[in-house]
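A.B. asks: Contents are mmCIF, C-alpha atoms and all ligand atoms; file name protein_2.cif:
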```
data_start
#
loop_
_atom_site.label_atom_id
_atom_site.label_comp_id
_atom_site.auth_asym_id
_atom_site.auth_seq_id
_atom_site.Cartn_x
_atom_site.Cartn_y
_atom_site.Cartn_z
CA MET A 1 16.21 14.23 17.59
CA LYS A 2 18.29 11.15 16.81
CA CYS A 3 18.93 9.12 13.65
CA ARG A 4 16.24 6.47 13.26
CA PHE A 5 18.90 3.94 12.31
CA CYS A 6 22.09 4.64 14.29
CA GLN A 7 20.84 7.01 17.04
CA THR A 8 23.40 9.74 16.24
CA PRO A 9 21.99 13.19 17.15
CA LEU A 10 20.84 15.01 14.02
CA HIS A 11 21.99 18.57 13.30
CA ALA A 12 22.50 18.95 9.54
CA VAL A 13 19.35 20.21 7.77
CA PHE A 14 19.02 18.67 4.31
CA LEU A 15 15.88 20.60 3.32
CA ASP A 16 13.24 22.71 5.05
CA LEU A 17 9.88 22.85 3.25
CA GLY A 18 8.05 24.85 5.90
CA SER A 19 4.95 23.13 7.25
CA ALA A 20 2.08 21.25 5.65
CA PRO A 21 -0.75 18.86 6.52
CA PRO A 22 -0.16 15.11 5.94
CA SER A 23 -0.21 14.63 2.16
CA ASN A 24 -2.99 12.03 2.25
CA ALA A 25 -5.30 14.03 4.51
CA PHE A 26 -7.82 14.83 1.76
CA LEU A 27 -10.80 16.88 2.92
CA ASN A 28 -14.50 16.31 2.41
CA ALA A 29 -16.72 19.30 1.63
CA ASP A 30 -18.07 19.36 5.19
CA GLU A 31 -14.53 19.68 6.57
CA LEU A 32 -13.72 22.89 4.70
CA ASN A 33 -14.89 25.06 7.59
CA ALA A 34 -12.67 23.24 10.09
CA PRO A 35 -8.96 23.83 10.76
CA GLU A 36 -6.27 21.45 9.50
CA MET A 37 -3.28 20.01 11.35
CA TYR A 38 0.00 21.36 9.95
CA PHE A 39 3.34 19.78 10.76
CA PRO A 40 6.87 21.00 10.01
CA LEU A 41 8.35 19.31 6.92
CA ARG A 42 12.08 19.36 7.55
CA LEU A 43 14.71 16.79 6.61
CA TYR A 44 18.02 16.06 8.30
CA THR A 45 21.10 14.13 7.21
CA CYS A 46 22.76 11.84 9.74
CA SER A 47 26.45 12.74 9.87
CA GLU A 48 27.32 9.13 10.76
CA CYS A 49 25.29 6.91 8.35
CA HIS A 50 24.03 9.59 5.86
CA LEU A 51 20.43 8.51 6.26
CA VAL A 52 18.29 11.49 5.20
CA GLN A 53 15.18 11.60 7.36
CA VAL A 54 12.09 13.60 8.23
CA ASP A 55 11.86 15.14 11.65
CA GLU A 56 9.42 12.69 13.22
CA VAL A 57 6.78 14.85 14.83
CA GLN A 58 3.68 12.83 14.14
CA LYS A 59 2.14 9.67 15.42
CA HIS A 60 1.90 7.38 12.46
CA ASP A 61 -1.78 6.63 13.15
CA ALA A 62 -2.49 10.21 12.16
CA LEU A 63 -0.69 9.66 8.86
CA PHE A 64 -2.19 6.35 7.81
CA SER A 65 -5.81 6.76 8.80
CA GLY A 66 -8.45 4.22 7.79
CA ASP A 67 -9.59 6.81 5.32
CA TYR A 68 -6.40 6.46 3.26
CA VAL A 69 -7.37 7.18 -0.32
CA TYR A 70 -4.52 5.73 -2.35
CA PHE A 71 -5.51 2.64 -4.31
CA SER A 72 -2.58 1.28 -6.34
CA SER A 73 -4.69 -0.31 -9.05
CA TYR A 74 -5.66 3.02 -10.56
CA SER A 75 -2.28 3.58 -12.22
CA ARG A 76 -1.79 1.55 -15.40
CA THR A 77 1.95 2.23 -15.47
CA TRP A 78 2.27 0.86 -11.97
CA LEU A 79 0.24 -2.26 -12.75
CA ALA A 80 2.44 -3.01 -15.75
CA HIS A 81 5.52 -2.61 -13.55
CA ALA A 82 4.06 -5.07 -11.02
CA GLU A 83 3.16 -7.64 -13.64
CA ARG A 84 6.64 -7.59 -15.20
CA TYR A 85 8.23 -7.88 -11.78
CA VAL A 86 6.15 -10.96 -10.88
CA ALA A 87 6.85 -12.74 -14.17
CA ARG A 88 10.59 -12.19 -13.89
CA THR A 89 10.93 -12.93 -10.18
CA VAL A 90 8.94 -16.17 -10.29
CA GLU A 91 11.31 -17.36 -12.99
CA ARG A 92 14.52 -16.11 -11.39
CA LEU A 93 13.78 -17.71 -8.01
CA GLY A 94 12.02 -20.80 -9.39
CA LEU A 95 8.87 -20.21 -7.33
CA ASP A 96 6.10 -22.83 -7.60
CA PRO A 97 2.86 -23.90 -5.87
CA ASN A 98 4.92 -25.05 -2.85
CA SER A 99 6.37 -21.57 -2.30
CA LEU A 100 4.98 -18.74 -0.21
CA VAL A 101 5.10 -15.15 -1.37
CA MET A 102 4.46 -12.40 1.18
CA GLU A 103 3.97 -8.78 0.25
CA ILE A 104 4.29 -6.05 2.87
CA ALA A 105 2.08 -3.02 2.27
CA SER A 106 0.19 -5.09 -0.29
CA ASN A 107 -2.39 -2.34 -0.79
CA ASP A 108 -5.42 -3.54 -2.76
CA GLY A 109 -3.65 -6.65 -4.09
CA TYR A 110 -2.48 -4.88 -7.26
CA LEU A 111 0.71 -7.00 -7.33
CA LEU A 112 -0.28 -10.23 -5.58
CA GLN A 113 -3.08 -10.73 -8.11
CA TYR A 114 -0.35 -11.68 -10.62
CA VAL A 115 1.24 -14.12 -8.13
CA LYS A 116 -2.13 -15.71 -7.42
CA ALA A 117 -2.83 -16.03 -11.15
CA ARG A 118 0.28 -18.23 -11.39
CA GLY A 119 -1.04 -20.61 -8.75
CA ILE A 120 1.56 -19.57 -6.15
CA PRO A 121 0.29 -19.14 -2.57
CA CYS A 122 0.54 -15.57 -1.38
CA ILE A 123 -0.37 -13.40 1.55
CA GLY A 124 -0.62 -9.65 1.92
CA ILE A 125 0.20 -7.55 4.97
CA GLU A 126 -1.67 -4.26 4.82
CA PRO A 127 -2.56 -1.96 7.73
CA THR A 128 -5.19 0.09 5.91
CA ALA A 129 -8.72 -1.31 6.24
CA GLY A 130 -10.12 -0.02 2.94
CA THR A 131 -7.33 -1.33 0.75
CA ALA A 132 -7.09 -4.63 2.67
CA ALA A 133 -10.80 -5.18 2.04
CA ALA A 134 -10.32 -4.48 -1.68
CA ALA A 135 -7.54 -7.11 -1.77
CA ARG A 136 -9.77 -9.70 -0.08
CA GLU A 137 -12.41 -9.06 -2.71
CA ARG A 138 -9.84 -10.29 -5.22
CA GLY A 139 -9.42 -13.45 -3.15
CA ILE A 140 -6.05 -12.49 -1.67
CA GLU A 141 -5.54 -13.38 1.99
CA THR A 142 -4.64 -10.14 3.73
CA ILE A 143 -3.57 -9.60 7.32
CA GLU A 144 -4.54 -6.14 8.45
CA GLN A 145 -1.57 -4.86 10.40
CA PHE A 146 1.83 -3.14 10.38
CA PHE A 147 4.84 -5.33 9.67
CA GLY A 148 7.63 -5.59 12.24
CA GLU A 149 9.91 -8.07 13.98
CA ARG A 150 7.30 -9.31 16.45
CA PHE A 151 4.74 -10.03 13.75
CA ALA A 152 7.40 -11.68 11.56
CA ARG A 153 8.60 -14.03 14.33
CA GLU A 154 5.07 -14.98 15.23
CA PHE A 155 4.12 -15.62 11.61
CA ALA A 156 7.23 -17.73 10.95
CA ALA A 157 6.58 -19.78 14.09
CA THR A 158 2.84 -20.36 13.63
CA ARG A 159 2.53 -20.45 9.82
CA ARG A 160 5.76 -20.80 7.83
CA THR A 161 8.67 -18.78 6.50
CA ALA A 162 8.44 -17.00 3.16
CA ASP A 163 10.37 -17.84 -0.01
CA LEU A 164 9.85 -14.37 -1.39
CA VAL A 165 9.06 -11.25 0.61
CA ILE A 166 8.16 -8.18 -1.41
CA ALA A 167 8.48 -4.74 0.12
CA ASN A 168 7.83 -2.16 -2.58
CA ASN A 169 7.77 1.49 -1.59
CA VAL A 170 7.29 0.78 2.09
CA LEU A 171 10.82 0.92 3.57
CA ALA A 172 10.86 4.71 3.32
CA HIS A 173 7.51 4.92 5.12
CA VAL A 174 8.42 2.81 8.13
CA PRO A 175 8.68 4.73 11.42
CA ASP A 176 10.78 2.05 13.16
CA LEU A 177 13.32 1.19 10.50
CA ASN A 178 15.37 -1.26 12.60
CA ASP A 179 12.29 -3.20 13.69
CA PHE A 180 11.12 -3.50 10.08
CA VAL A 181 14.43 -4.76 8.66
CA ALA A 182 14.85 -7.20 11.57
CA GLY A 183 11.37 -8.49 10.68
CA LEU A 184 12.45 -9.13 7.08
CA GLY A 185 15.28 -11.33 8.36
CA ALA A 186 12.93 -13.14 10.74
CA VAL A 187 10.25 -14.10 8.23
CA LEU A 188 12.58 -15.24 5.42
CA ALA A 189 13.13 -18.95 4.66
CA PRO A 190 16.82 -19.98 5.00
CA ASN A 191 17.38 -19.44 1.29
CA GLY A 192 14.46 -17.06 0.77
CA VAL A 193 14.77 -13.69 -0.91
CA VAL A 194 13.38 -10.30 -0.11
CA THR A 195 13.12 -7.63 -2.79
CA VAL A 196 12.83 -4.05 -1.65
CA GLU A 197 12.09 -1.06 -3.84
CA PHE A 198 12.49 2.55 -2.75
CA PRO A 199 13.32 5.89 -4.39
CA HIS A 200 17.08 6.35 -4.75
CA LEU A 201 18.44 9.42 -2.96
CA LEU A 202 21.03 9.82 -5.72
CA GLN A 203 18.19 10.43 -8.22
CA LEU A 204 16.21 12.63 -5.84
CA VAL A 205 19.17 15.00 -5.61
CA ALA A 206 20.29 14.74 -9.26
CA GLN A 207 16.78 15.38 -10.58
CA ARG A 208 15.77 17.83 -7.85
CA GLN A 209 12.73 15.79 -6.84
CA PHE A 210 12.07 17.66 -3.62
CA ASP A 211 8.33 17.09 -4.07
CA THR A 212 8.81 13.39 -3.25
CA ILE A 213 9.41 14.55 0.31
CA TYR A 214 6.41 14.39 2.62
CA HIS A 215 5.72 13.52 6.24
CA GLU A 216 4.76 9.90 5.60
CA HIS A 217 8.03 9.41 3.70
CA PHE A 218 10.36 9.16 6.69
CA SER A 219 13.66 7.92 5.22
CA TYR A 220 15.66 8.64 2.06
CA PHE A 221 18.41 6.12 1.25
CA SER A 222 21.58 5.89 -0.71
CA PHE A 223 22.60 2.32 -1.54
CA HIS A 224 25.48 2.68 0.89
CA THR A 225 23.15 3.51 3.75
CA ALA A 226 20.61 0.80 2.84
CA GLN A 227 23.37 -1.81 2.77
CA ARG A 228 24.54 -0.70 6.19
CA VAL A 229 21.03 -0.83 7.69
CA PHE A 230 20.34 -4.32 6.30
CA ALA A 231 23.74 -5.69 7.35
CA ALA A 232 23.08 -4.53 10.91
CA HIS A 233 20.21 -7.06 11.00
CA GLY A 234 21.98 -9.99 9.32
CA VAL A 235 20.34 -9.35 5.94
CA ARG A 236 22.77 -9.40 3.00
CA ILE A 237 22.06 -7.55 -0.24
CA TRP A 238 23.30 -9.75 -3.12
CA ASP A 239 21.95 -7.85 -6.12
CA VAL A 240 20.68 -4.38 -6.92
CA GLU A 241 18.91 -2.86 -9.92
CA GLU A 242 18.35 0.76 -10.82
CA LEU A 243 14.74 1.24 -11.97
CA PRO A 244 13.06 4.22 -13.64
CA THR A 245 10.01 4.04 -11.32
CA HIS A 246 9.17 7.02 -9.09
CA GLY A 247 11.85 9.09 -10.81
CA GLY A 248 14.60 6.56 -10.11
CA SER A 249 14.35 3.72 -7.62
CA LEU A 250 16.53 0.89 -6.39
CA ARG A 251 15.42 -2.71 -6.19
CA LEU A 252 17.46 -4.64 -3.67
CA TRP A 253 17.64 -8.43 -3.67
CA ALA A 254 18.54 -9.59 -0.18
CA CYS A 255 18.76 -12.81 1.81
CA GLN A 256 19.92 -14.23 5.12
CA ASP A 257 23.62 -13.57 5.61
CA ASN A 258 24.50 -17.28 5.21
CA ALA A 259 22.16 -18.04 2.27
CA THR A 260 23.62 -19.35 -1.00
CA HIS A 261 22.87 -16.34 -3.22
CA ARG A 262 26.11 -14.93 -4.61
CA ASP A 263 26.78 -11.21 -4.82
CA THR A 264 26.47 -9.86 -8.36
CA PRO A 265 28.90 -7.27 -9.83
CA ALA A 266 26.08 -4.69 -9.62
CA ILE A 267 26.79 -4.25 -5.89
CA ALA A 268 30.34 -2.95 -6.27
CA ALA A 269 29.38 -0.94 -9.36
CA LEU A 270 26.64 1.00 -7.55
CA LEU A 271 28.78 1.58 -4.47
CA ALA A 272 31.43 3.06 -6.77
CA LYS A 273 28.87 5.21 -8.59
CA GLU A 274 27.64 6.67 -5.30
CA SER A 275 31.17 7.30 -4.05
CA ALA A 276 31.98 9.11 -7.30
CA ALA A 277 28.87 11.28 -6.83
CA GLY A 278 30.21 12.31 -3.41
CA MET A 279 27.51 10.60 -1.32
CA LEU A 280 29.95 9.56 1.39
CA ALA A 281 30.76 13.17 2.31
CA MET A 282 28.46 15.65 4.07
CA ASP A 283 29.12 18.29 1.38
CA TYR A 284 26.83 16.32 -0.92
CA TYR A 285 23.90 16.86 1.43
CA HIS A 286 24.25 20.62 1.64
CA GLY A 287 23.07 22.94 -1.10
CA PHE A 288 19.77 21.21 -1.97
CA GLN A 289 17.66 24.01 -0.45
CA PRO A 290 18.49 26.70 -3.05
CA LEU A 291 17.74 24.24 -5.88
CA ALA A 292 14.30 23.46 -4.42
CA ASP A 293 13.59 27.13 -3.81
CA GLY A 294 14.48 28.00 -7.40
CA ILE A 295 12.05 25.40 -8.77
CA LYS A 296 9.31 26.59 -6.43
CA ASN A 297 9.82 30.22 -7.49
CA ASP A 298 9.78 29.39 -11.22
CA PHE A 299 6.57 27.39 -10.83
CA LEU A 300 4.87 30.15 -8.87
CA ALA A 301 6.01 32.79 -11.39
CA PHE A 302 4.52 30.69 -14.20
CA LEU A 303 1.16 30.42 -12.39
CA ILE A 304 1.03 34.14 -11.59
CA ASP A 305 2.01 35.06 -15.12
CA ALA A 306 -0.68 32.77 -16.56
CA LYS A 307 -3.26 34.28 -14.22
CA ARG A 308 -2.33 37.84 -15.23
CA ASN A 309 -2.66 36.87 -18.89
CA GLY A 310 -6.14 35.42 -18.37
CA LYS A 311 -5.05 31.80 -18.91
CA GLN A 312 -6.75 28.90 -17.19
CA VAL A 313 -4.37 26.50 -15.42
CA VAL A 314 -5.46 23.20 -13.86
CA GLY A 315 -3.65 20.17 -12.50
CA TYR A 316 -3.64 16.43 -13.11
CA GLY A 317 -2.89 13.77 -10.47
CA ALA A 318 -3.84 14.27 -6.82
CA ALA A 319 -0.69 12.50 -5.58
CA ALA A 320 1.45 13.16 -2.52
CA LYS A 321 4.15 14.86 -4.58
CA GLY A 322 1.63 17.35 -5.92
CA ASN A 323 0.60 18.29 -2.41
CA THR A 324 4.19 18.92 -1.33
CA LEU A 325 4.82 21.23 -4.29
CA LEU A 326 1.49 23.09 -4.01
CA ASN A 327 1.77 23.63 -0.27
CA TYR A 328 5.43 24.65 -0.36
CA ALA A 329 4.64 27.14 -3.13
CA GLY A 330 1.48 28.36 -1.32
CA VAL A 331 -0.70 27.65 -4.38
CA ARG A 332 -4.48 27.82 -3.93
CA SER A 333 -7.44 27.38 -6.29
CA ASP A 334 -7.16 30.96 -7.57
CA LEU A 335 -3.96 29.92 -9.38
CA LEU A 336 -4.76 26.24 -10.05
CA GLY A 337 -8.50 25.86 -10.51
CA TYR A 338 -8.87 22.15 -9.92
CA VAL A 339 -6.94 18.89 -9.99
CA VAL A 340 -8.16 15.89 -11.95
CA ASP A 341 -7.65 12.40 -10.58
CA ALA A 342 -8.74 9.06 -12.02
CA SER A 343 -9.53 7.62 -8.60
CA PRO A 344 -13.21 7.94 -7.67
CA HIS A 345 -12.08 7.82 -4.01
CA LYS A 346 -10.45 11.24 -4.41
CA GLN A 347 -13.00 12.92 -6.67
CA GLY A 348 -15.32 15.30 -4.83
CA ARG A 349 -12.74 15.86 -2.12
CA TYR A 350 -10.16 18.63 -1.61
CA LEU A 351 -6.38 18.56 -1.49
CA PRO A 352 -4.94 18.94 2.01
CA GLY A 353 -3.61 22.43 2.69
CA SER A 354 -4.25 23.99 -0.69
CA ARG A 355 -7.93 22.90 -0.59
CA ILE A 356 -8.03 22.66 -4.37
CA PRO A 357 -11.03 20.55 -5.50
CA VAL A 358 -10.37 17.10 -6.99
CA VAL A 359 -12.59 16.35 -9.97
CA ALA A 360 -13.11 13.78 -12.73
CA GLU A 361 -11.36 14.05 -16.08
CA SER A 362 -14.58 15.05 -17.89
CA ARG A 363 -14.08 18.52 -16.37
CA ILE A 364 -11.10 19.11 -18.70
CA ARG A 365 -13.22 18.71 -21.83
CA GLU A 366 -15.82 21.03 -20.33
CA SER A 367 -13.53 23.84 -19.17
CA ARG A 368 -10.83 23.57 -21.92
CA PRO A 369 -7.86 24.79 -19.82
CA ASP A 370 -4.84 26.50 -21.43
CA PHE A 371 -2.39 24.53 -19.28
CA VAL A 372 -2.57 21.19 -17.49
CA VAL A 373 0.14 20.87 -14.83
CA ILE A 374 1.15 17.22 -14.50
CA LEU A 375 1.86 16.84 -10.79
CA PRO A 376 3.04 13.17 -10.77
CA TRP A 377 5.82 13.86 -13.32
CA ASN A 378 6.83 10.17 -13.14
CA LEU A 379 3.61 9.38 -15.07
CA ARG A 380 4.16 12.20 -17.57
CA GLU A 381 4.12 10.01 -20.70
CA GLU A 382 0.98 8.11 -19.69
CA ILE A 383 -0.85 11.34 -18.83
CA THR A 384 0.16 13.35 -21.91
CA SER A 385 -1.01 10.56 -24.18
CA GLN A 386 -4.24 10.13 -22.21
CA LEU A 387 -4.95 13.88 -22.38
CA ALA A 388 -3.60 14.44 -25.92
CA TYR A 389 -6.99 15.93 -26.86
CA ILE A 390 -6.19 19.21 -25.06
CA ARG A 391 -4.15 20.05 -28.21
CA GLU A 392 -7.51 20.44 -30.01
CA TRP A 393 -7.97 23.81 -28.32
CA GLY A 394 -4.27 24.67 -28.09
CA GLY A 395 -3.84 23.37 -24.53
CA LYS A 396 -0.33 22.68 -23.24
CA PHE A 397 1.20 20.50 -20.55
CA ALA A 398 3.41 21.84 -17.77
CA THR A 399 5.74 20.10 -15.34
CA ALA A 400 7.63 21.82 -12.54
CA ILE A 401 10.41 19.31 -11.86
CA PRO A 402 13.39 19.05 -12.48
CA GLN A 403 12.70 22.49 -13.97
CA LEU A 404 9.65 24.25 -15.33
CA ALA A 405 8.84 22.76 -18.74
CA LEU A 406 5.94 23.54 -21.07
CA SER A 407 5.08 21.29 -23.99
ZN ZN A 501 22.50 7.53 11.34
#
```
In structure tokens, what does this structure look like?
C.D. replies:
Amino acid sequence: MKCRFCQTPLHAVFLDLGSAPPSNAFLNADELNAPEMYFPLRLYTCSECHLVQVDEVQKHDALFSGDYVYFSSYSRTWLAHAERYVARTVERLGLDPNSLVMEIASNDGYLLQYVKARGIPCIGIEPTAGTAAAARERGIETIEQFFGERFAREFAATRRTADLVIANNVLAHVPDLNDFVAGLGAVLAPNGVVTVEFPHLLQLVAQRQFDTIYHEHFSYFSFHTAQRVFAAHGVRIWDVEELPTHGGSLRLWACQDNATHRDTPAIAALLAKESAAGMLAMDYYHGFQPLADGIKNDFLAFLIDAKRNGKQVVGYGAAAKGNTLLNYAGVRSDLLGYVVDASPHKQGRYLPGSRIPVVAESRIRESRPDFVVILPWNLREEITSQLAYIREWGGKFATAIPQLALS
């Protein structure tokens, strides 16, 4: 296996989480008697460019099936993040009704709806049929396909170039990283800007977020590595922000190499911060396995202890990160009775691997659990306030990462 960016053979294992089904492969009741496809979930660090990456064993069609159940609009925190981003970016770049905004992996139009509301033309690129259809229902033009260099060149030649390209939480999920970044360069107007958000590897390690690792999440970037990948395709990063989203993300502001945007001091500051953390040496990438194992063991001990004491434990949030944790820990519905999710597209189905049923929130009031494990810990505040009523019967919240915490 070779590095998906620089082709260096990969030998250094960053983390081995055993094997699991794809995290979005939710099961219907009639599929419970059938086998599931399990794939190894192992990450490597490239010794040359330090890109941390999943061993690519799957065809990406298997991972992003038309049955994909994630609809962005169901998270209020995420919608608020999108709305703030649009307001600020439109102002910073001076976008107007003559501009074109393109979002890659535009999902159900959760973000572009705010661009459209400002009278700025926009277009979504979204390979998943169900979410693309939901975006069109909002009146957002959506091209149903994967983004890459060929598409970008064709679009720029037959339509126009884009003044703003938005790629939020997609870079990490791209199987052909070089093709994707080359496409960003190809579709940008001469002075256009692309903003790219992805989870920051520095935060993943510092906060032990091993559950953000799953098959569909191919690449894990430091700022150093991202800068190197973009530069290789003539795309220059001129600003960077550290965001709290997804446990700690970066937002890159990039442009054509010869565009007029000047580098901000944030670039050098973040490079220095990463160097100080040791991210330029391979030592940094060793030693994550025992940390992940310790968290997994503590979580499992908590569940077993609760079970032995006759306590009822359930989960909230049928997200990818929950599936990684549950499958790595080998948790099944005997230890975690059900998982609540707000999305009606997930309710009535079963989590991949663990086969824990996904139900509506009303079940919590009915069954009055002793503990609710919040699986998407990045939405902890939103969920604890939404479920504050579990205190009425002495219920508590639990999170597993960065360490087991009960509150
Ligand atoms: Zn590499």
A.B. asks: Which residues are near ligand ZN 501 (chain A) - at most 7 Å, using all atoms listed in the file? Format: as a list in words.
C.D. replies: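 Every residue with an atom at most 7 Å from ligand ZN 501 (chain A) is listed here: Cys3, Arg4, Phe5, Cys6, Gln7, Thr8, Cys46, Ser47, Glu48, Cys49, His50 and Leu51 of chain A.
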A.B. asks: Can you write just those residues out, C-alpha atoms, as a short mmCIF file (atom, residue, chain, number, x, y, z; two decimals), keeping the file's coordinate frame?
C.D. replies:
```
data_model
loop_
_atom_site.label_atom_id
_atom_site.label_comp_id
_atom_site.auth_asym_id
_atom_site.auth_seq_id
_atom_site.Cartn_x
_atom_site.Cartn_y
_atom_site.Cartn_z
CA CYS A 3 18.93 9.12 13.65
CA ARG A 4 16.24 6.47 13.26
CA PHE A 5 18.90 3.94 12.31
CA CYS A 6 22.09 4.64 14.29
CA GLN A 7 20.84 7.01 17.04
CA THR A 8 23.40 9.74 16.24
CA CYS A 46 22.76 11.84 9.74
CA SER A 47 26.45 12.74 9.87
CA GLU A 48 27.32 9.13 10.76
CA CYS A 49 25.29 6.91 8.35
CA HIS A 50 24.03 9.59 5.86
CA LEU A 51 20.43 8.51 6.26
#
```
A.B. asks: Tell me, counting all atoms listed in the file, for each residue of region 197-273 of chain A within 12 Å of region 89-99 of chain A, which pair of atoms is nearest and how far apart they are in Å to one decimal, in rows ordered by chain and increasing number, as a Markdown table.
C.D. replies:
```
| residue | atom | partner | partner_atom | distance |
| --- | --- | --- | --- | --- |
| A:Arg251 | CA | A:Thr89 | CA | 11.9 |
| A:Trp253 | CA | A:Thr89 | CA | 10.4 |
| A:His261 | CA | A:Leu93 | CA | 10.4 |
```
A.B. asks: At a cut-off of 9 Å, using all atoms listed in the file, what residues contact region 228-233 of chain A? Leave out same-chain residues fewer than 3 positions from it and give the result as a PyMOL selection string.
C.D. replies: chain A and resi 5-6+49+177-178+181-185+223-225+236-237+254+257
A.B. asks: Okay, now the selection with C-alpha atoms, as a PDB file, keeping the file's coordinate frame?
C.D. replies:
```pdb
ATOM      1  CA  PHE A   5      18.900   3.940  12.310  1.00  0.00           C
ATOM      2  CA  CYS A   6      22.090   4.640  14.290  1.00  0.00           C
ATOM      3  CA  CYS A  49      25.290   6.910   8.350  1.00  0.00           C
ATOM      4  CA  LEU A 177      13.320   1.190  10.500  1.00  0.00           C
ATOM      5  CA  ASN A 178      15.370  -1.260  12.600  1.00  0.00           C
ATOM      6  CA  VAL A 181      14.430  -4.760   8.660  1.00  0.00           C
ATOM      7  CA  ALA A 182      14.850  -7.200  11.570  1.00  0.00           C
ATOM      8  CA  GLY A 183      11.370  -8.490  10.680  1.00  0.00           C
ATOM      9  CA  LEU A 184      12.450  -9.130   7.080  1.00  0.00           C
ATOM     10  CA  GLY A 185      15.280 -11.330   8.360  1.00  0.00           C
ATOM     11  CA  PHE A 223      22.600   2.320  -1.540  1.00  0.00           C
ATOM     12  CA  HIS A 224      25.480   2.680   0.890  1.00  0.00           C
ATOM     13  CA  THR A 225      23.150   3.510   3.750  1.00  0.00           C
ATOM     14  CA  ARG A 236      22.770  -9.400   3.000  1.00  0.00           C
ATOM     15  CA  ILE A 237      22.060  -7.550  -0.240  1.00  0.00           C
ATOM     16  CA  ALA A 254      18.540  -9.590  -0.180  1.00  0.00           C
ATOM     17  CA  ASP A 257      23.620 -13.570   5.610  1.00  0.00           C
TER      18      ASP A 257
END
```
A.B. asks: Find the distance between CA of Ala301 (chain A) and CA of Gly322 (chain A) and write it in Å to one decimal.
C.D. replies: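 According to the coordinates, CA of Ala301 (chain A) and CA of Gly322 (chain A) are separated by 17.0 Å.
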A.B. asks: Determine, counting only C-alpha atoms, which protein, DNA and RNA residues have an atom within 12 Å of an atom of Lys396 (chain A); residues of the same chain fewer than 3 positions away are not included. Present the result as JSON, numbers by chain.
C.D. replies: {"A": [311, 312, 313, 314, 315, 368, 369, 370, 371, 372, 373, 374, 384, 387, 388, 389, 390, 391, 392, 393, 399, 405, 406, 407]}
A.B. asks: Dump as JSON, numbers by chain all residues having an atom at most 9 Å from (-8.7, 14.3, -15.9), computed in the file's coordinates with all atoms listed in the file.
C.D. replies: {"A": [315, 316, 317, 339, 340, 341, 342, 359, 360, 361, 362, 363, 364, 365, 383, 386, 387]}
A.B. asks: Pick out the closest residue to Thr131 (chain A) from this set: A:Asp108, A:Asp16, A:Glu149, A:Glu242. Count all atoms listed in the file.
C.D. replies: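 Result for the nearest residue to Thr131 (chain A): A:Asp108.
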A.B. asks: Rounded to one decimal in Å, what is the spacing between CA of Lys346 (chain A) and CA of Val358 (chain A)?
C.D. replies: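 CA of Lys346 (chain A) sits 6.4 Å away from CA of Val358 (chain A).
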A.B. asks: Please indicate the distance in Å from CA of Leu41 (chain A) to CA of Leu17 (chain A), rounded to one decimal place.
C.D. replies: 5.3 Å
A.B. asks: Between A:Leu243, A:Ile401, A:Leu112, A:Ala105, which residue has the minimum interatomic distance to Val205 (chain A), considering all atoms listed in the file?
C.D. replies: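 With all atoms listed in the file as the atom set, the closest residue is A:Ile401.
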A.B. asks: Considering all atoms listed in the file, return as a PyMOL selection string whatever protein or nucleic-acid residues lie within 6 Å of region 197-202 of chain A, sequence-local ones (same chain, fewer than 2 positions apart) excluded.
C.D. replies: chain A and resi 168-169+204-205+220-222+248-251
A.B. asks: My list of candidates is A:Val193, A:Ile125, A:Ala152, A:Ala276. Which is closest to Leu252 (chain A) when distances are computed with all atoms listed in the file?
C.D. replies: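 Among the listed residues, the smallest separation from Leu252 (chain A) belongs to A:Val193.
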A.B. asks: Excluding Asp293 (chain A) and any residue of its chain fewer than 3 positions from it, enumerate the residues within 12 Å of it, using all atoms listed in the file, and give them as number ranges by chain.
C.D. replies: A: 15-18, 208-211, 287-290, 296-300, 325, 328-329, 400-403
A.B. asks: Which one of A:Ala129, A:Ala82, A:Cys122, A:Val170 sits closest to Ile104 (chain A) if you count all atoms listed in the file?
C.D. replies: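 That would be A:Val170, the residue with the smallest distance to Ile104 (chain A).
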A.B. asks: Find the residue from A:Ala34, A:Ala157, A:Ile213, A:Ala162 that sits nearest to Gly124 (chain A); use only C-alpha atoms when measuring.
C.D. replies: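 Smallest distance to Gly124 (chain A) is found for A:Ala162.
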A.B. asks: Would you kindly identify which residues have an atom no farther than 9 Å from (0.5, -16.8, -4.7), using only C-alpha atoms and the file's own coordinates, and write them out as a short mmCIF file (atom, residue, chain, number, x, y, z; two decimals) with C-alpha atoms, in the coordinates of the input?
C.D. replies:
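Output contents, as saved in selection.cif:
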```cif
data_model
loop_
_atom_site.label_atom_id
_atom_site.label_comp_id
_atom_site.auth_asym_id
_atom_site.auth_seq_id
_atom_site.Cartn_x
_atom_site.Cartn_y
_atom_site.Cartn_z
CA ASP A 96 6.10 -22.83 -7.60
CA PRO A 97 2.86 -23.90 -5.87
CA SER A 99 6.37 -21.57 -2.30
CA LEU A 100 4.98 -18.74 -0.21
CA VAL A 101 5.10 -15.15 -1.37
CA MET A 102 4.46 -12.40 1.18
CA LEU A 112 -0.28 -10.23 -5.58
CA GLN A 113 -3.08 -10.73 -8.11
CA TYR A 114 -0.35 -11.68 -10.62
CA VAL A 115 1.24 -14.12 -8.13
CA LYS A 116 -2.13 -15.71 -7.42
CA ALA A 117 -2.83 -16.03 -11.15
CA ARG A 118 0.28 -18.23 -11.39
CA GLY A 119 -1.04 -20.61 -8.75
CA ILE A 120 1.56 -19.57 -6.15
CA PRO A 121 0.29 -19.14 -2.57
CA CYS A 122 0.54 -15.57 -1.38
CA ILE A 123 -0.37 -13.40 1.55
CA ILE A 140 -6.05 -12.49 -1.67
#
```
